[in-house]
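First comes the structure, then the notes that go with it.
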Amino acid sequence: KKWRVYRSSSDGGEKVGWIEKKLISLMDTFDVYMEGKGGFGVTGLFKPTPAYRVEGDFLDRNFAFRNEEGKIVARANMDGWIQVDMMNHYQVRVAEGMDAMLVLACVCCIDEEFDEEHQKRREESQ
């Protein structure tokens, strides 16, 4: 599944990039791609190199954003004792120079991805 990330403004919106869950990986991983950063398409062999990789413990919602050099540029973790899929509270830390709005948008996409997976599992078990 791919989530598109837009930056809105008073004169419209601009597509900044997209985030997608890696299908082949030992553990859950998301790749963040930036619009206009190479590649000939958004799928297959011609996809550009991810600008950021998001890895961590998604079950506990504790993950980090790494840039192309592998340096951690943002961290997000669920904060609070009681969490429900409809209302989650995160603590997000962003390194200087990193696009905070991009990180927040990606955290929302990741949270929604896992909320949808939880909902699907609940429906299948009923």
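In the structure tokens, chains take the letters A, B, ... in the order shown, each chain's residues start at 1, and ligands count up from 1 in the order shown.
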For A:Val54: contacts at 8 Å, only C-alpha atoms, fewer than 4 positions along chain excluded, given as a list of chain:residue names: A:Thr29, A:Phe30, A:Asp31, A:Val32, A:Phe63, A:Ala64, A:Phe65, A:Arg66
Write the residues you've just listed into a file as a PDB file, in the first residue's frame, and include N, CA and C atoms for each of them.
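The file below, part06.pdb, is the result:
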ATOM      1  N   THR A  29       9.078  -2.626   7.576  1.00  0.00           N
ATOM      2  CA  THR A  29       9.883  -1.477   7.177  1.00  0.00           C
ATOM      3  C   THR A  29       9.062  -0.631   6.224  1.00  0.00           C
ATOM      4  N   PHE A  30       9.185   0.673   6.354  1.00  0.00           N
ATOM      5  CA  PHE A  30       8.550   1.598   5.424  1.00  0.00           C
ATOM      6  C   PHE A  30       9.630   2.400   4.728  1.00  0.00           C
ATOM      7  N   ASP A  31       9.437   2.647   3.445  1.00  0.00           N
ATOM      8  CA  ASP A  31      10.345   3.500   2.684  1.00  0.00           C
ATOM      9  C   ASP A  31       9.635   4.802   2.349  1.00  0.00           C
ATOM     10  N   VAL A  32      10.357   5.918   2.478  1.00  0.00           N
ATOM     11  CA  VAL A  32       9.819   7.240   2.158  1.00  0.00           C
ATOM     12  C   VAL A  32      10.550   7.743   0.921  1.00  0.00           C
ATOM     13  N   PHE A  63       9.543   3.747  16.518  1.00  0.00           N
ATOM     14  CA  PHE A  63      10.319   3.590  15.295  1.00  0.00           C
ATOM     15  C   PHE A  63      11.162   4.828  14.997  1.00  0.00           C
ATOM     16  N   ALA A  64      12.125   4.630  14.081  1.00  0.00           N
ATOM     17  CA  ALA A  64      13.065   5.704  13.732  1.00  0.00           C
ATOM     18  C   ALA A  64      13.129   5.873  12.222  1.00  0.00           C
ATOM     19  N   PHE A  65      13.369   7.106  11.812  1.00  0.00           N
ATOM     20  CA  PHE A  65      13.576   7.455  10.409  1.00  0.00           C
ATOM     21  C   PHE A  65      15.082   7.568  10.183  1.00  0.00           C
ATOM     22  N   ARG A  66      15.588   6.864   9.188  1.00  0.00           N
ATOM     23  CA  ARG A  66      17.011   6.946   8.840  1.00  0.00           C
ATOM     24  C   ARG A  66      17.141   7.529   7.431  1.00  0.00           C
TER      25      ARG A  66
END
In chain A, DSSP strand (DSSP E or B) residues written as a ChimeraX atom specification: /A:2-9,12-21,29-34,52-57,62-67,72-78,84,87,90-94
Pick from A:Lys120, A:Lys47, A:Lys1, A:His89 nearest to A:Glu20, counting only C-alpha atoms: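 Result for the nearest residue to A:Glu20: A:Lys1.
If you look at atom CA of A:Val94 and atom CA of A:Ile72, they are 9.2 Å away from each other.
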Helix (DSSP H, G or I) positions in stretch 14-120 of chain A, given as a PyMOL selection string: chain A and resi 44-46+100-120
Using only N, CA and C atoms, please write the residues we just selected to a file, as a PDB file, in the first residue's frame.
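For reference, selection08.pdb as written:
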ATOM      1  N   GLY A  44       8.078  -0.970  -9.264  1.00  0.00           N
ATOM      2  CA  GLY A  44       8.967  -1.850  -9.999  1.00  0.00           C
ATOM      3  C   GLY A  44      10.426  -1.474  -9.932  1.00  0.00           C
ATOM      4  N   LEU A  45      11.153  -1.859 -10.969  1.00  0.00           N
ATOM      5  CA  LEU A  45      12.606  -1.692 -11.005  1.00  0.00           C
ATOM      6  C   LEU A  45      13.061  -0.243 -11.125  1.00  0.00           C
ATOM      7  N   PHE A  46      12.184   0.639 -11.567  1.00  0.00           N
ATOM      8  CA  PHE A  46      12.591   2.009 -11.846  1.00  0.00           C
ATOM      9  C   PHE A  46      12.235   2.978 -10.728  1.00  0.00           C
ATOM     10  N   ALA A 100       9.959  18.433   9.529  1.00  0.00           N
ATOM     11  CA  ALA A 100       9.074  17.963  10.603  1.00  0.00           C
ATOM     12  C   ALA A 100       7.686  17.610  10.076  1.00  0.00           C
ATOM     13  N   MET A 101       7.169  18.382   9.130  1.00  0.00           N
ATOM     14  CA  MET A 101       5.838  18.096   8.590  1.00  0.00           C
ATOM     15  C   MET A 101       5.831  16.769   7.828  1.00  0.00           C
ATOM     16  N   LEU A 102       6.912  16.472   7.121  1.00  0.00           N
ATOM     17  CA  LEU A 102       7.021  15.184   6.428  1.00  0.00           C
ATOM     18  C   LEU A 102       7.004  14.044   7.441  1.00  0.00           C
ATOM     19  N   VAL A 103       7.759  14.197   8.526  1.00  0.00           N
ATOM     20  CA  VAL A 103       7.798  13.157   9.561  1.00  0.00           C
ATOM     21  C   VAL A 103       6.407  12.950  10.159  1.00  0.00           C
ATOM     22  N   LEU A 104       5.733  14.026  10.505  1.00  0.00           N
ATOM     23  CA  LEU A 104       4.390  13.909  11.094  1.00  0.00           C
ATOM     24  C   LEU A 104       3.414  13.240  10.133  1.00  0.00           C
ATOM     25  N   ALA A 105       3.479  13.596   8.868  1.00  0.00           N
ATOM     26  CA  ALA A 105       2.600  12.978   7.871  1.00  0.00           C
ATOM     27  C   ALA A 105       2.882  11.478   7.764  1.00  0.00           C
ATOM     28  N   CYS A 106       4.147  11.107   7.778  1.00  0.00           N
ATOM     29  CA  CYS A 106       4.514   9.690   7.693  1.00  0.00           C
ATOM     30  C   CYS A 106       4.080   8.923   8.942  1.00  0.00           C
ATOM     31  N   VAL A 107       4.227   9.538  10.113  1.00  0.00           N
ATOM     32  CA  VAL A 107       3.774   8.892  11.348  1.00  0.00           C
ATOM     33  C   VAL A 107       2.271   8.634  11.274  1.00  0.00           C
ATOM     34  N   CYS A 108       1.518   9.586  10.765  1.00  0.00           N
ATOM     35  CA  CYS A 108       0.069   9.398  10.604  1.00  0.00           C
ATOM     36  C   CYS A 108      -0.229   8.248   9.643  1.00  0.00           C
ATOM     37  N   CYS A 109       0.510   8.164   8.548  1.00  0.00           N
ATOM     38  CA  CYS A 109       0.302   7.080   7.576  1.00  0.00           C
ATOM     39  C   CYS A 109       0.606   5.724   8.199  1.00  0.00           C
ATOM     40  N   ILE A 110       1.715   5.630   8.925  1.00  0.00           N
ATOM     41  CA  ILE A 110       2.098   4.372   9.563  1.00  0.00           C
ATOM     42  C   ILE A 110       1.061   3.974  10.607  1.00  0.00           C
ATOM     43  N   ASP A 111       0.620   4.931  11.402  1.00  0.00           N
ATOM     44  CA  ASP A 111      -0.395   4.650  12.408  1.00  0.00           C
ATOM     45  C   ASP A 111      -1.676   4.133  11.748  1.00  0.00           C
ATOM     46  N   GLU A 112      -2.083   4.754  10.686  1.00  0.00           N
ATOM     47  CA  GLU A 112      -3.299   4.336   9.977  1.00  0.00           C
ATOM     48  C   GLU A 112      -3.127   2.943   9.373  1.00  0.00           C
ATOM     49  N   GLU A 113      -1.963   2.661   8.836  1.00  0.00           N
ATOM     50  CA  GLU A 113      -1.679   1.337   8.267  1.00  0.00           C
ATOM     51  C   GLU A 113      -1.890   0.249   9.319  1.00  0.00           C
ATOM     52  N   PHE A 114      -1.356   0.451  10.518  1.00  0.00           N
ATOM     53  CA  PHE A 114      -1.497  -0.564  11.550  1.00  0.00           C
ATOM     54  C   PHE A 114      -2.895  -0.581  12.159  1.00  0.00           C
ATOM     55  N   ASP A 115      -3.568   0.551  12.212  1.00  0.00           N
ATOM     56  CA  ASP A 115      -4.966   0.563  12.649  1.00  0.00           C
ATOM     57  C   ASP A 115      -5.827  -0.272  11.698  1.00  0.00           C
ATOM     58  N   GLU A 116      -5.580  -0.138  10.388  1.00  0.00           N
ATOM     59  CA  GLU A 116      -6.326  -0.911   9.401  1.00  0.00           C
ATOM     60  C   GLU A 116      -6.032  -2.406   9.535  1.00  0.00           C
ATOM     61  N   GLU A 117      -4.761  -2.758   9.792  1.00  0.00           N
ATOM     62  CA  GLU A 117      -4.417  -4.164   9.984  1.00  0.00           C
ATOM     63  C   GLU A 117      -5.108  -4.736  11.224  1.00  0.00           C
ATOM     64  N   HIS A 118      -5.136  -3.958  12.310  1.00  0.00           N
ATOM     65  CA  HIS A 118      -5.814  -4.410  13.531  1.00  0.00           C
ATOM     66  C   HIS A 118      -7.298  -4.619  13.272  1.00  0.00           C
ATOM     67  N   GLN A 119      -7.922  -3.687  12.569  1.00  0.00           N
ATOM     68  CA  GLN A 119      -9.349  -3.792  12.259  1.00  0.00           C
ATOM     69  C   GLN A 119      -9.623  -5.032  11.415  1.00  0.00           C
ATOM     70  N   LYS A 120      -8.779  -5.285  10.431  1.00  0.00           N
ATOM     71  CA  LYS A 120      -8.959  -6.449   9.571  1.00  0.00           C
ATOM     72  C   LYS A 120      -8.851  -7.738  10.379  1.00  0.00           C
TER      73      LYS A 120
END
Shell of 10 Å around A:Ala95, only C-alpha atoms, local chain residues under 6 positions omitted, as a PyMOL selection string: chain A and resi 72-75
Selection from above, N, CA and C atoms, as a tab-separated table (two decimals), in the first residue's frame, can you write it?
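Saved to again03.tsv:
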chain	number	residue	atom	x	y	z
A	72	ILE	N	20.04	8.42	12.00
A	72	ILE	CA	18.69	8.65	12.50
A	72	ILE	C	18.39	10.15	12.46
A	73	VAL	N	17.30	10.52	11.77
A	73	VAL	CA	16.93	11.92	11.63
A	73	VAL	C	15.60	12.24	12.31
A	74	ALA	N	14.90	11.20	12.77
A	74	ALA	CA	13.65	11.40	13.52
A	74	ALA	C	13.30	10.11	14.25
A	75	ARG	N	12.61	10.29	15.36
A	75	ARG	CA	12.11	9.15	16.15
A	75	ARG	C	10.66	9.41	16.52
Extract, using only C-alpha atoms, all DNA, RNA and protein residues at most 6 Å from A:Tyr33, discarding same-chain residues fewer than 5 positions from it, and format them as a PDB file with N, CA, C and O atoms, in the first residue's frame.
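Result went into selection.pdb, see below:
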ATOM      1  N   GLY A  17       5.940  13.618  -1.679  1.00  0.00           N
ATOM      2  CA  GLY A  17       6.495  12.284  -1.862  1.00  0.00           C
ATOM      3  C   GLY A  17       5.474  11.235  -1.502  1.00  0.00           C
ATOM      4  O   GLY A  17       4.276  11.493  -1.519  1.00  0.00           O
ATOM      5  N   TRP A  18       5.955  10.049  -1.168  1.00  0.00           N
ATOM      6  CA  TRP A  18       5.060   8.980  -0.769  1.00  0.00           C
ATOM      7  C   TRP A  18       5.796   8.020   0.149  1.00  0.00           C
ATOM      8  O   TRP A  18       7.009   7.979   0.190  1.00  0.00           O
ATOM      9  N   PRO A  50      14.956   5.226  -1.846  1.00  0.00           N
ATOM     10  CA  PRO A  50      14.216   5.895  -0.769  1.00  0.00           C
ATOM     11  C   PRO A  50      15.072   6.987  -0.116  1.00  0.00           C
ATOM     12  O   PRO A  50      16.264   6.799   0.108  1.00  0.00           O
ATOM     13  N   ALA A  51      14.452   8.102   0.182  1.00  0.00           N
ATOM     14  CA  ALA A  51      15.150   9.178   0.890  1.00  0.00           C
ATOM     15  C   ALA A  51      15.300   8.829   2.363  1.00  0.00           C
ATOM     16  O   ALA A  51      16.281   9.197   3.006  1.00  0.00           O
TER      17      ALA A  51
END
